[in-house]
Each structure stands twice: as C-alpha cells, then as structure tokens.
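This is data_19.csv (CSV, C-alpha atoms).
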chain,number,residue,atom,x,y,z
R,728,MET,CA,235.4,22.7,-60.2
R,729,ARG,CA,239.2,23.1,-60.5
R,730,GLY,CA,240.7,19.7,-60.7
R,731,GLY,CA,240.8,17.5,-63.8
R,732,VAL,CA,243.3,17.6,-66.6
R,733,LEU,CA,244.2,21.3,-66.7
R,734,PRO,CA,246.5,21.6,-63.6
R,735,PRO,CA,248.8,18.7,-64.5
R,736,ALA,CA,248.6,19.6,-68.2
R,737,MET,CA,249.9,23.2,-67.3
R,738,LEU,CA,252.7,21.7,-65.2
R,739,PHE,CA,253.8,19.4,-68.1
R,740,VAL,CA,253.5,22.3,-70.6
R,741,ALA,CA,255.7,24.5,-68.4
R,742,LEU,CA,258.3,21.6,-68.0
R,743,GLY,CA,258.3,20.9,-71.8
R,744,LEU,CA,258.9,24.5,-72.6
R,745,VAL,CA,261.8,24.9,-70.1
R,746,LEU,CA,263.4,21.6,-71.1
R,747,ALA,CA,263.8,23.1,-74.6
R,748,PHE,CA,266.5,25.3,-73.1
R,749,ALA,CA,268.3,22.4,-71.5
R,750,PRO,CA,271.1,20.4,-73.2
R,751,ARG,CA,269.7,17.4,-75.2
R,752,ARG,CA,271.7,15.0,-73.0
R,753,ALA,CA,269.5,16.2,-70.0
R,754,TRP,CA,266.2,15.2,-71.7
R,755,VAL,CA,266.3,11.4,-71.1
R,756,PRO,CA,267.3,11.6,-67.4
R,757,SER,CA,264.7,14.4,-66.9
R,758,PHE,CA,261.9,12.3,-68.4
R,759,LEU,CA,263.0,9.2,-66.4
R,760,ALA,CA,263.0,11.3,-63.3
R,761,LEU,CA,259.6,12.7,-64.1
R,762,PHE,CA,258.1,9.2,-64.8
R,763,ALA,CA,259.7,7.7,-61.7
R,764,THR,CA,258.4,10.5,-59.5
R,765,LEU,CA,254.9,10.3,-61.0
R,766,GLY,CA,254.9,6.5,-60.5
R,767,ALA,CA,256.1,6.8,-56.9
R,768,CYS,CA,254.0,9.7,-55.8
R,769,THR,CA,250.7,8.6,-57.2
R,770,LEU,CA,250.9,5.6,-54.8
R,771,LEU,CA,251.2,7.9,-51.8
R,772,PRO,CA,247.9,9.1,-50.3
R,773,VAL,CA,247.5,12.9,-50.0
R,774,PRO,CA,245.2,14.0,-47.2
R,775,GLN,CA,242.1,15.9,-48.6
R,776,VAL,CA,242.7,18.7,-46.0
R,777,TRP,CA,245.8,19.6,-48.0
R,778,LEU,CA,243.7,20.5,-51.1
R,779,GLU,CA,244.2,24.3,-50.9
R,780,GLY,CA,247.9,24.0,-50.3
R,781,VAL,CA,248.4,21.4,-53.1
R,782,PHE,CA,246.7,23.6,-55.7
R,783,LEU,CA,248.7,26.7,-54.5
R,784,GLY,CA,251.9,24.7,-54.8
R,785,CYS,CA,250.9,23.4,-58.2
R,786,TRP,CA,250.3,26.9,-59.7
R,787,ILE,CA,253.4,28.3,-58.0
R,788,THR,CA,255.4,25.5,-59.5
R,789,VAL,CA,253.9,26.3,-63.0
R,790,ILE,CA,255.0,29.9,-62.6
R,791,VAL,CA,258.5,29.1,-61.3
R,792,THR,CA,259.1,26.3,-63.9
R,793,ALA,CA,257.9,28.5,-66.8
R,794,ALA,CA,259.9,31.5,-65.6
R,795,ASN,CA,263.1,29.4,-66.0
R,796,VAL,CA,263.0,29.9,-69.8
R,797,HIS,CA,264.5,33.4,-69.1
R,798,LEU,CA,267.7,32.0,-67.6
R,799,VAL,CA,270.5,33.7,-69.6
R,800,ARG,CA,272.7,30.7,-69.9
R,801,GLY,CA,270.0,28.2,-70.5
R,802,LEU,CA,268.9,25.5,-68.1
R,803,PRO,CA,271.7,23.4,-66.5
R,804,PRO,CA,271.2,19.6,-66.5
R,805,TRP,CA,270.9,19.4,-62.7
R,806,ALA,CA,268.2,22.1,-62.8
R,807,ALA,CA,266.3,20.2,-65.5
R,808,LEU,CA,266.4,17.1,-63.3
R,809,ALA,CA,265.2,19.0,-60.2
R,810,LEU,CA,262.4,20.7,-62.1
R,811,SER,CA,261.3,17.3,-63.5
R,812,VAL,CA,261.1,15.8,-60.1
R,813,ASN,CA,259.3,18.8,-58.7
R,814,THR,CA,256.8,18.7,-61.6
R,815,GLY,CA,256.2,15.0,-61.0
R,816,VAL,CA,255.6,15.6,-57.3
R,817,TRP,CA,253.0,18.3,-57.8
R,818,ALA,CA,251.3,16.7,-60.7
R,819,SER,CA,250.7,13.5,-58.8
R,820,ALA,CA,249.7,15.4,-55.7
R,821,VAL,CA,247.1,17.6,-57.5
R,822,VAL,CA,245.6,14.5,-59.2
R,823,SER,CA,245.5,12.6,-55.9
R,824,VAL,CA,243.5,15.4,-54.2
R,825,SER,CA,241.2,16.2,-57.1
R,826,GLY,CA,241.1,14.0,-60.1
R,827,SER,CA,242.0,10.6,-61.3
R,828,ARG,CA,245.0,8.8,-62.7
R,829,LEU,CA,243.4,9.0,-66.1
R,830,ASP,CA,243.7,12.8,-65.9
R,831,LEU,CA,247.4,12.3,-65.4
R,832,LEU,CA,247.7,10.1,-68.4
R,833,THR,CA,245.7,12.4,-70.5
R,834,ALA,CA,247.8,15.4,-69.5
R,835,LEU,CA,251.2,13.7,-69.8
R,836,PRO,CA,251.5,14.1,-73.6
R,837,CYS,CA,251.6,17.9,-73.0
R,838,VAL,CA,255.2,17.5,-72.0
R,839,PHE,CA,256.0,16.8,-75.6
R,840,ILE,CA,255.5,20.5,-76.4
R,841,LEU,CA,259.3,20.1,-75.9
R,842,LEU,CA,259.6,19.0,-79.5
R,843,PRO,CA,258.3,22.1,-81.3
R,844,ALA,CA,259.8,24.3,-78.5
R,845,SER,CA,263.3,22.8,-79.0
R,846,TRP,CA,262.8,23.1,-82.8
R,847,ALA,CA,262.1,26.8,-82.3
R,848,VAL,CA,265.1,27.2,-80.0
R,849,ALA,CA,267.4,25.4,-82.5
R,850,ARG,CA,266.1,27.8,-85.3
R,851,ARG,CA,267.1,30.8,-83.2
R,852,ALA,CA,263.6,31.7,-82.3
R,853,PRO,CA,263.6,31.1,-78.6
R,854,ILE,CA,261.5,34.1,-78.2
R,855,ALA,CA,258.5,32.2,-79.4
R,856,VAL,CA,258.9,29.8,-76.6
R,857,LYS,CA,259.3,32.7,-74.1
R,858,VAL,CA,256.1,34.3,-75.4
R,859,VAL,CA,254.2,31.0,-74.9
R,860,SER,CA,255.7,30.6,-71.4
R,861,SER,CA,254.5,34.1,-70.5
R,862,TRP,CA,251.0,33.0,-71.4
R,863,VAL,CA,251.4,29.9,-69.2
R,864,ILE,CA,252.5,32.2,-66.3
R,865,ALA,CA,249.6,34.5,-66.9
R,866,VAL,CA,247.1,31.6,-66.5
R,867,ALA,CA,248.9,30.4,-63.4
R,868,VAL,CA,248.9,33.9,-61.8
R,869,LEU,CA,245.1,34.1,-62.5
R,870,ALA,CA,244.6,30.6,-60.9
R,871,VAL,CA,246.5,31.6,-57.8
R,872,THR,CA,244.5,34.8,-57.5
R,873,LEU,CA,241.2,33.0,-57.9
R,874,GLN,CA,242.3,30.7,-55.1
R,875,LEU,CA,242.9,33.8,-52.9
R,876,LEU,CA,239.4,35.0,-53.4
R,877,PRO,CA,237.2,34.1,-50.5
R,878,VAL,CA,234.7,32.3,-52.6
R,879,THR,CA,233.8,32.3,-56.2
R,880,PRO,CA,230.3,31.4,-57.5
R,881,GLY,CA,231.9,28.9,-59.9
R,882,TYR,CA,233.1,26.8,-57.0
R,883,LEU,CA,229.8,26.7,-55.3
R,884,PRO,CA,227.8,23.6,-55.8
R,885,ASP,CA,224.6,24.2,-57.9
R,886,HIS,CA,221.2,22.7,-57.2
R,887,LEU,CA,222.2,19.4,-58.9
R,888,GLU,CA,225.2,18.8,-56.7
O,1187,MET,CA,226.2,10.7,-108.9
O,1188,CYS,CA,229.7,10.4,-107.5
O,1189,ALA,CA,230.5,7.5,-109.8
O,1190,TRP,CA,234.2,8.1,-109.2
O,1191,LEU,CA,233.8,7.1,-105.6
O,1192,ALA,CA,234.2,3.4,-104.6
O,1193,PRO,CA,230.9,2.0,-103.0
O,1194,ARG,CA,232.5,1.8,-99.5
O,1195,ALA,CA,234.0,5.3,-99.8
O,1196,TYR,CA,230.6,6.6,-101.0
O,1197,ARG,CA,228.9,5.0,-97.9
O,1198,THR,CA,231.6,6.6,-95.6
O,1199,ALA,CA,231.1,10.0,-97.3
O,1200,GLU,CA,227.4,9.6,-96.8
O,1201,VAL,CA,227.7,8.9,-93.1
O,1202,VAL,CA,230.2,11.8,-92.7
O,1203,VAL,CA,227.7,14.2,-94.4
O,1204,ILE,CA,224.8,13.0,-92.4
O,1205,VAL,CA,226.6,13.1,-89.1
O,1206,SER,CA,228.2,16.5,-89.7
O,1207,THR,CA,224.8,17.9,-90.9
O,1208,GLY,CA,223.2,16.6,-87.7
O,1209,LEU,CA,226.0,18.2,-85.6
O,1210,LEU,CA,225.7,21.5,-87.4
O,1211,LEU,CA,221.9,21.6,-87.1
O,1212,SER,CA,221.7,20.3,-83.5
O,1213,THR,CA,221.3,22.7,-80.6
O,1214,PRO,CA,222.6,22.1,-77.1
O,1215,ALA,CA,220.4,20.3,-74.7
O,1216,LYS,CA,218.5,22.7,-72.6
O,1217,ALA,CA,218.1,20.5,-69.5
O,1218,HIS,CA,220.3,22.5,-67.2
O,1219,THR,CA,220.2,26.2,-68.2
O,1220,GLY,CA,219.6,29.3,-66.2
O,1221,THR,CA,222.6,29.1,-63.9
O,1222,GLY,CA,224.2,31.9,-65.9
O,1223,LEU,CA,227.7,30.4,-65.3
O,1224,PRO,CA,229.6,30.0,-68.6
O,1225,GLY,CA,232.8,28.2,-68.2
O,1226,GLY,CA,235.4,25.8,-69.4
O,1227,PHE,CA,238.3,26.0,-71.8
O,1228,VAL,CA,236.3,26.1,-75.0
O,1229,SER,CA,234.0,28.9,-73.6
O,1230,GLY,CA,237.1,31.0,-72.6
O,1231,PHE,CA,238.7,30.3,-76.0
O,1232,ILE,CA,235.7,31.4,-78.0
O,1233,HIS,CA,235.0,34.5,-75.9
O,1234,PRO,CA,237.6,36.9,-77.5
O,1235,PHE,CA,236.4,35.9,-80.9
O,1236,SER,CA,232.8,36.7,-80.0
O,1237,GLY,CA,233.4,40.4,-79.1
O,1238,VAL,CA,234.5,42.6,-82.0
O,1239,ASP,CA,236.0,45.2,-79.7
O,1240,HIS,CA,238.4,42.7,-78.0
O,1241,LEU,CA,239.1,40.9,-81.2
O,1242,LEU,CA,240.1,44.1,-83.0
O,1243,ALA,CA,242.3,45.3,-80.1
O,1244,MET,CA,244.2,42.1,-79.8
O,1245,VAL,CA,244.8,41.8,-83.6
O,1246,SER,CA,245.9,45.4,-83.6
O,1247,VAL,CA,248.5,44.8,-80.9
O,1248,GLY,CA,250.1,42.1,-83.1
O,1249,LEU,CA,249.8,44.2,-86.2
O,1250,TRP,CA,251.3,47.3,-84.5
O,1251,GLY,CA,254.1,45.1,-83.2
O,1252,ALA,CA,254.8,43.9,-86.7
O,1253,PHE,CA,255.1,47.6,-87.8
O,1254,LEU,CA,257.4,48.5,-85.0
O,1255,GLY,CA,259.7,45.4,-85.5
O,1256,ARG,CA,262.0,43.9,-83.0
O,1257,PRO,CA,261.9,43.9,-80.0
O,1258,LEU,CA,258.3,45.1,-79.9
O,1259,LEU,CA,257.2,42.3,-82.3
O,1260,TYR,CA,257.5,39.9,-79.4
O,1261,VAL,CA,257.4,42.1,-76.4
O,1262,LEU,CA,253.9,43.4,-77.1
O,1263,PRO,CA,252.4,39.9,-77.2
O,1264,MET,CA,254.0,39.3,-73.8
O,1265,VAL,CA,253.0,42.6,-72.3
O,1266,PHE,CA,249.4,42.5,-73.3
O,1267,PRO,CA,248.5,39.1,-71.6
O,1268,ALA,CA,250.6,40.0,-68.6
O,1269,MET,CA,248.9,43.3,-68.0
O,1270,MET,CA,245.5,41.8,-68.9
O,1271,VAL,CA,246.1,39.5,-65.9
O,1272,VAL,CA,246.8,42.6,-63.7
O,1273,GLY,CA,243.5,44.1,-65.0
O,1274,ALA,CA,241.7,40.8,-64.4
O,1275,ILE,CA,242.9,40.7,-60.8
O,1276,MET,CA,241.8,44.3,-60.3
O,1277,GLY,CA,238.4,43.3,-61.7
O,1278,MET,CA,238.2,40.3,-59.3
O,1279,PHE,CA,238.8,42.5,-56.3
O,1280,VAL,CA,236.5,45.2,-57.9
O,1281,VAL,CA,239.2,48.0,-57.7
O,1282,PRO,CA,237.5,51.2,-59.0
O,1283,VAL,CA,238.8,52.2,-62.5
O,1284,PRO,CA,237.5,54.7,-65.1
O,1285,PRO,CA,234.6,53.5,-67.3
O,1286,VAL,CA,235.9,50.2,-68.7
O,1287,GLU,CA,233.7,50.1,-71.8
O,1288,ILE,CA,235.0,53.6,-72.9
O,1289,GLY,CA,238.6,52.4,-72.2
O,1290,ILE,CA,238.1,49.4,-74.4
O,1291,ALA,CA,236.6,51.5,-77.2
O,1292,VAL,CA,239.4,54.0,-77.0
O,1293,SER,CA,241.9,51.1,-77.1
O,1294,VAL,CA,240.5,50.0,-80.5
O,1295,LEU,CA,240.5,53.6,-81.8
O,1296,VAL,CA,244.1,54.4,-80.6
O,1297,LEU,CA,245.6,51.1,-81.7
O,1298,GLY,CA,243.9,51.5,-85.1
O,1299,LEU,CA,245.3,55.0,-85.5
O,1300,CYS,CA,248.8,53.8,-84.4
O,1301,ILE,CA,248.7,51.3,-87.4
O,1302,ALA,CA,247.1,53.7,-89.9
O,1303,LEU,CA,249.4,56.6,-89.4
O,1304,PRO,CA,251.8,54.6,-88.6
O,1305,VAL,CA,253.1,55.7,-85.2
O,1306,ARG,CA,256.8,54.7,-84.7
O,1307,ALA,CA,256.7,54.8,-80.9
O,1308,PRO,CA,259.8,54.0,-78.8
O,1309,VAL,CA,259.8,50.7,-76.9
O,1310,TRP,CA,258.7,52.2,-73.5
O,1311,ALA,CA,255.9,54.2,-75.0
O,1312,ALA,CA,254.5,51.3,-77.0
O,1313,CYS,CA,254.6,49.1,-74.0
O,1314,LEU,CA,252.9,51.7,-71.8
O,1315,VAL,CA,250.1,52.2,-74.3
O,1316,VAL,CA,249.5,48.5,-74.8
O,1317,ALA,CA,249.8,47.8,-71.0
O,1318,MET,CA,247.3,50.6,-70.2
O,1319,PHE,CA,244.7,49.2,-72.6
O,1320,ALA,CA,245.3,45.6,-71.6
O,1321,VAL,CA,244.3,46.5,-68.0
O,1322,PHE,CA,240.9,47.6,-69.3
O,1323,HIS,CA,240.4,44.4,-71.3
O,1324,GLY,CA,241.5,42.3,-68.4
O,1325,TYR,CA,239.3,44.2,-65.9
O,1326,ALA,CA,236.2,43.6,-68.0
O,1327,HIS,CA,236.8,39.9,-68.0
O,1328,GLY,CA,238.2,39.6,-64.5
O,1329,LYS,CA,235.0,40.9,-63.1
O,1330,GLU,CA,233.1,38.1,-64.8
O,1331,LEU,CA,235.8,35.4,-64.3
O,1332,PRO,CA,234.9,34.3,-60.8
O,1333,SER,CA,231.3,33.6,-62.0
O,1334,ALA,CA,232.5,31.2,-64.6
O,1335,ALA,CA,231.7,27.5,-63.8
O,1336,ASP,CA,235.4,26.5,-64.3
O,1337,PRO,CA,237.3,29.8,-64.0
O,1338,ILE,CA,240.8,28.4,-64.5
O,1339,SER,CA,240.0,26.5,-67.7
O,1340,TYR,CA,238.1,29.5,-68.8
O,1341,SER,CA,241.1,31.8,-68.2
O,1342,ALA,CA,243.5,29.3,-69.9
O,1343,GLY,CA,241.3,29.3,-73.0
O,1344,PHE,CA,241.0,33.1,-72.9
O,1345,VAL,CA,244.7,33.7,-72.6
O,1346,LEU,CA,245.5,31.2,-75.4
O,1347,ALA,CA,242.9,32.8,-77.7
O,1348,THR,CA,244.3,36.3,-76.9
O,1349,GLY,CA,247.8,35.1,-77.7
O,1350,LEU,CA,246.7,33.6,-81.0
O,1351,LEU,CA,244.9,36.8,-82.0
O,1352,HIS,CA,248.2,38.7,-81.4
O,1353,VAL,CA,250.0,36.1,-83.6
O,1354,SER,CA,247.4,36.5,-86.3
O,1355,GLY,CA,248.0,40.3,-86.2
O,1356,ILE,CA,251.7,39.7,-86.5
O,1357,CYS,CA,251.1,37.4,-89.5
O,1358,LEU,CA,248.9,40.1,-91.0
O,1359,GLY,CA,251.9,42.4,-90.6
O,1360,PHE,CA,254.0,40.2,-92.9
O,1361,LEU,CA,252.0,41.8,-95.7
O,1362,ASN,CA,254.2,44.9,-95.2
O,1363,ASP,CA,257.1,43.1,-97.0
O,1364,ARG,CA,255.0,42.7,-100.1
O,1365,PRO,CA,254.4,45.3,-102.8
O,1366,GLY,CA,251.5,47.4,-101.8
O,1367,GLY,CA,251.3,45.5,-98.5
O,1368,MET,CA,252.1,48.6,-96.3
O,1369,LEU,CA,249.1,50.4,-97.8
O,1370,ALA,CA,246.9,47.4,-97.2
O,1371,THR,CA,247.9,47.1,-93.5
O,1372,ARG,CA,247.6,50.8,-93.0
O,1373,SER,CA,244.1,50.7,-94.5
O,1374,ILE,CA,243.2,47.8,-92.1
O,1375,GLY,CA,244.4,50.1,-89.3
O,1376,GLY,CA,242.2,52.9,-90.6
O,1377,VAL,CA,239.2,50.6,-90.7
O,1378,ILE,CA,239.9,49.4,-87.1
O,1379,ALA,CA,240.2,53.1,-86.0
O,1380,GLY,CA,236.9,53.8,-87.7
O,1381,VAL,CA,235.2,50.9,-85.8
O,1382,GLY,CA,236.9,52.2,-82.6
O,1383,ALA,CA,235.5,55.7,-83.2
O,1384,TRP,CA,232.0,54.1,-83.5
O,1385,PHE,CA,232.5,52.2,-80.3
O,1386,VAL,CA,233.6,55.4,-78.5
O,1387,PHE,CA,230.6,57.3,-79.9
O,1388,GLN,CA,228.3,54.4,-78.7
O,1389,GLY,CA,229.9,54.4,-75.3
O,1390,MET,CA,229.5,58.1,-74.8
O,1391,HIS,CA,225.8,58.0,-75.7
O,1392,ARG,CA,224.9,55.0,-73.7

Can the structure in the file be given as structure tokens, please?
Amino acid sequence: MRGGVLPPAMLFVALGLVLAFAPRRAWVPSFLALFATLGACTLLPVPQVWLEGVFLGCWITVIVTAANVHLVRGLPPWAALALSVNTGVWASAVVSVSGSRLDLLTALPCVFILLPASWAVARRAPIAVKVVSSWVIAVAVLAVTLQLLPVTPGYLPDHLE
Amino acid sequence: MCAWLAPRAYRTAEVVVIVSTGLLLSTPAKAHTGTGLPGGFVSGFIHPFSGVDHLLAMVSVGLWGAFLGRPLLYVLPMVFPAMMVVGAIMGMFVVPVPPVEIGIAVSVLVLGLCIALPVRAPVWAACLVVAMFAVFHGYAHGKELPSAADPISYSAGFVLATGLLHVSGICLGFLNDRPGGMLATRSIGGVIAGVGAWFVFQGMHR
C-alpha cells in the first residue's frame, strides 16, 4: 500500500513551506494556479501502467520543491507559480493512479502549513522552516529508495487480498 | 455529586467518561494478527518513543545542539534525520556495517558524555559525531522498514517523531539560561551517559 492521502499531503506540505519564502503577492496567484491545475488534471485519465513513474515523479517533486527553501534570495513569484502548477499536476496524477478524489481533498489543507511557516520567516526564524523541509526531503528520499527496491513485503498482498 | 454541573453538562461528562474509559480499557481486535507487518504513520510515530535507546539519543542530539548554540542548534536536527536516511538506505540494501546495537548503545553513551562534560566541539566535529551515530540508528530501522505494511507512512511518522524528539531536547536546553539550569542539564547528560554505559555493557555480554 502506498497511495492514499500521504503522497499528495507531502506535496502540499512541501509547497506550503516553500511559498513561505515567496513574496506575499505571489500567494494568491500560486493558490489559484494550484487549484486550477488540480481541477483540470483530476479530469484527465492516467493509465495504470504509469503507476511507478507517477510515484517516482511525485517523490522527486517533493524533494525538488522542498529544497527550494534554501534559495538564497527567496522564491521569485514566477518560480512559486511554476512549483504550484507542478505540485497540482503530480498530486492529481498520484491520486488518479492510486487513491480517490477524497484523498486529494483531505490532503489539500496541508498547504496551509504556509501560515505558520510564513509567521516563522517573518519572525526571522526561517531556519525552523528549513529544518522541517529537511525532514520532508528525508521522507521523500526514503520513499524513492523503497520504490527502487525490487519488492518489499509490505507491498505484497496478504492472504486476505 | 457534581451539583455545580448543569444536568445536560453532567450527562455529557458522563458519556465522555464512559466512552474514554471504554477506549482506554479496550484492546485491539485480534482478527488479523500474525502477519508481523507493523505499519502506518501512527506506528512509525510511536516507534522512537517505545525504544529508550533511540529516544535518549535523539533527545541528546537536541540537548547537545542547545549547549553548542548556533549554528549547531539547528544544523544537528537537520544532519541527524538526513544521515538516518542514509543509514536506512544502507539497511534496506543490507550493506554490512559494524554491530548496530553496539553502535546505538555507544551513541547514547557518547552523546550523554558530550552533554555532561560538556564538550564544546567545533561544527565539523559535532556534525561528524552525530552523522556517524545517525547512520546506526537509521540502519536498524531501514532493515525493518521494507517489512512494514505501509513503509512510506511509517517512515514519515518515524522522521517526524525523530524531529520532535530533537526539538524537545532543544527545549530542555533552554534550562541552561536559568539559574542552576546548566547543572540540571549536565546532570541529565550524566544520567543519559550512565544508561548508555549500561546499554554498551548489555550489548557486549549478549
């Protein structure tokens, strides 16, 4: 089992953390871009044979997005917009291949980690956000590695499946 | 009894007490046991709290970081989970390493001593020590991780709990600013080192 709420939730957490380093005027366009992408992409069918690639892309997106908190000059508005669209694409794709739209709705509030994160950045404690983003990256790296293992007993169906 | 409660509030309180007592006393359904595959976010989150050796090492990292001040205050809680992941990957691919249990026990001993003495290590040395021990902690869990029923949620819970234990160590380190606080935190370090010595002794005689 590897679908469900967690992959889109991690994507939204990574986006929320990185948006804290973007100018406030970029927040609304970024959210609009995210919601529009989610709305559009959930309607598109994703072939089940793409499952492995979609999960790999999802976790790599989490790593790349979360790593953007380390940009020295903060996140430019165009990058915030691009990351929002990218997050929307992968979140809807991962839910399409393994999960339900309800998972997406459940995970979506995670993006509002932006509020405490921006509060920390405004109080000159951006390092707290960077520490949390390093934990997000750690989980995503583990997820990618688990995917590279040939088979894990956790993914094998048990006698009830 | 409880005359100060309105009747409705009293009934609500009664229901809350009954339900919470039931929840506390109930045991999990045993319909589907025996697979030996723990998993899920909650399982991963609880795990570091259930092993004293891991718990003490992770709290010690935060506490030592608090002693050393910036930048190690926040660098160590980044280094430990990152290197734990490296260790976990080594564990998944079963890369041979020295005895892991001894490594974990030594980590508790050394980190406890670093707090008790207290050792003012340079940034690179502190990072090296913490990174080395994190590999052992990660290795132990990485070996088990692929067997978890939901390894990704499990690892997310585990990493979050690890981070929070570091933060609790840092919070404990704030005692240093209070009168007598330094003595208290150094004593905690001494106790941790003592427990670590016991773990090493046990590990050697197993």

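Here atom CA of Tyr1325 of chain O is placed at a distance of 6.1 Å from atom CA of Met1276 of chain O.
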
Distance query segment 1278-1291 of chain O at most 9 Å, all atoms listed in the file, self and fewer than 5 positions along chain excluded, as number ranges by chain: R: 872-873, 876; O: 1239-1240, 1243, 1273, 1296, 1319-1320, 1322-1323, 1325-1332, 1381-1390

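The smallest atom-to-atom distance between Trp1310 of chain O and any of O:Ala1370, O:Ala1252, O:Leu1351, O:Leu1258, using all atoms listed in the file, is found for O:Leu1258.
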
Gap from atom CA of Leu733 of chain R to atom CA of Leu831 of chain R - Å, one decimal: 9.6 Å

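Taking atom CA of Ala867 of chain R and atom CA of Val1315 of chain O as the two end points, the separation is 24.4 Å.
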
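For the choices R:Ala794, R:Val863, R:Leu783, R:Val812, the atom-to-atom distance to Pro756 of chain R is smallest for R:Val812 when using all atoms listed in the file.
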
Ref. answer, residues at most 12 Å from (246.3, 30.5, -78.8) with only C-alpha atoms, as a PyMOL selection string: (chain R and resi 858-860+862-863) or (chain O and resi 1227-1228+1230-1232+1234-1235+1244+1263+1267+1341-1354)

Within 7 Å of Ser811 of chain R using only C-alpha atoms, minus same-chain residues under 4 positions, as number ranges by chain: R: 742, 757, 760-761, 807, 815

Distance criterion (only C-alpha atoms): nearest to chain O out of R:Phe782, R:Val838, R:Thr764, R:Pro804: R:Phe782

Who sits within 7 Å of Ala741 of chain R, only C-alpha atoms, same chain under 4 positions skipped, as a ChimeraX atom specification: /R:737,745,789,792-793,860,863

Saved selection, atoms kept: C-alpha atoms, as an mmCIF file, in the coordinates of the input:
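And here's result04.cif as it stands now:
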data_model
loop_
_atom_site.group_PDB
_atom_site.id
_atom_site.type_symbol
_atom_site.label_atom_id
_atom_site.label_comp_id
_atom_site.auth_asym_id
_atom_site.auth_seq_id
_atom_site.Cartn_x
_atom_site.Cartn_y
_atom_site.Cartn_z
ATOM 1 C CA MET R 737 249.900 23.200 -67.300
ATOM 2 C CA VAL R 745 261.800 24.900 -70.100
ATOM 3 C CA VAL R 789 253.900 26.300 -63.000
ATOM 4 C CA THR R 792 259.100 26.300 -63.900
ATOM 5 C CA ALA R 793 257.900 28.500 -66.800
ATOM 6 C CA SER R 860 255.700 30.600 -71.400
ATOM 7 C CA VAL R 863 251.400 29.900 -69.200
#

Counting only C-alpha atoms, the option among O:Cys1357, O:Ala1311, O:Leu1303, O:Val1321 closest to Leu1369 of chain O: O:Leu1303

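Of the residues listed (O:Ile1338, O:Ala1317, O:Leu1295, O:Leu1262), O:Ile1338 shows the shortest atom-to-atom separation from chain R; distances use only C-alpha atoms.
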
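The shell of residues at most 10 Å from segment 849-852 of chain R, with only C-alpha atoms counted and near chain neighbours (fewer than 6 positions) removed, consists of R:Ala747, R:Phe748, R:Pro843.
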
Polymer residues at most 10 Å from Val773 of chain R, all atoms listed in the file, same-chain spacing of 2 or more positions, as JSON, numbers by chain: {"R": [768, 769, 770, 771, 775, 776, 777, 778, 781, 819, 820, 821, 822, 823, 824]}

Residues within 12 Å of (249.9, 41.5, -92.2), file coords, only C-alpha atoms, listed as an MDAnalysis selection string: chainID O and resid 1245:1253 1301 1352:1364 1366:1375

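Minimum atom-to-atom distance to chain O, evaluated using only C-alpha atoms, belongs to R:Ser861 out of R:Gly801, R:Ile787, R:Ala753, R:Ser861.
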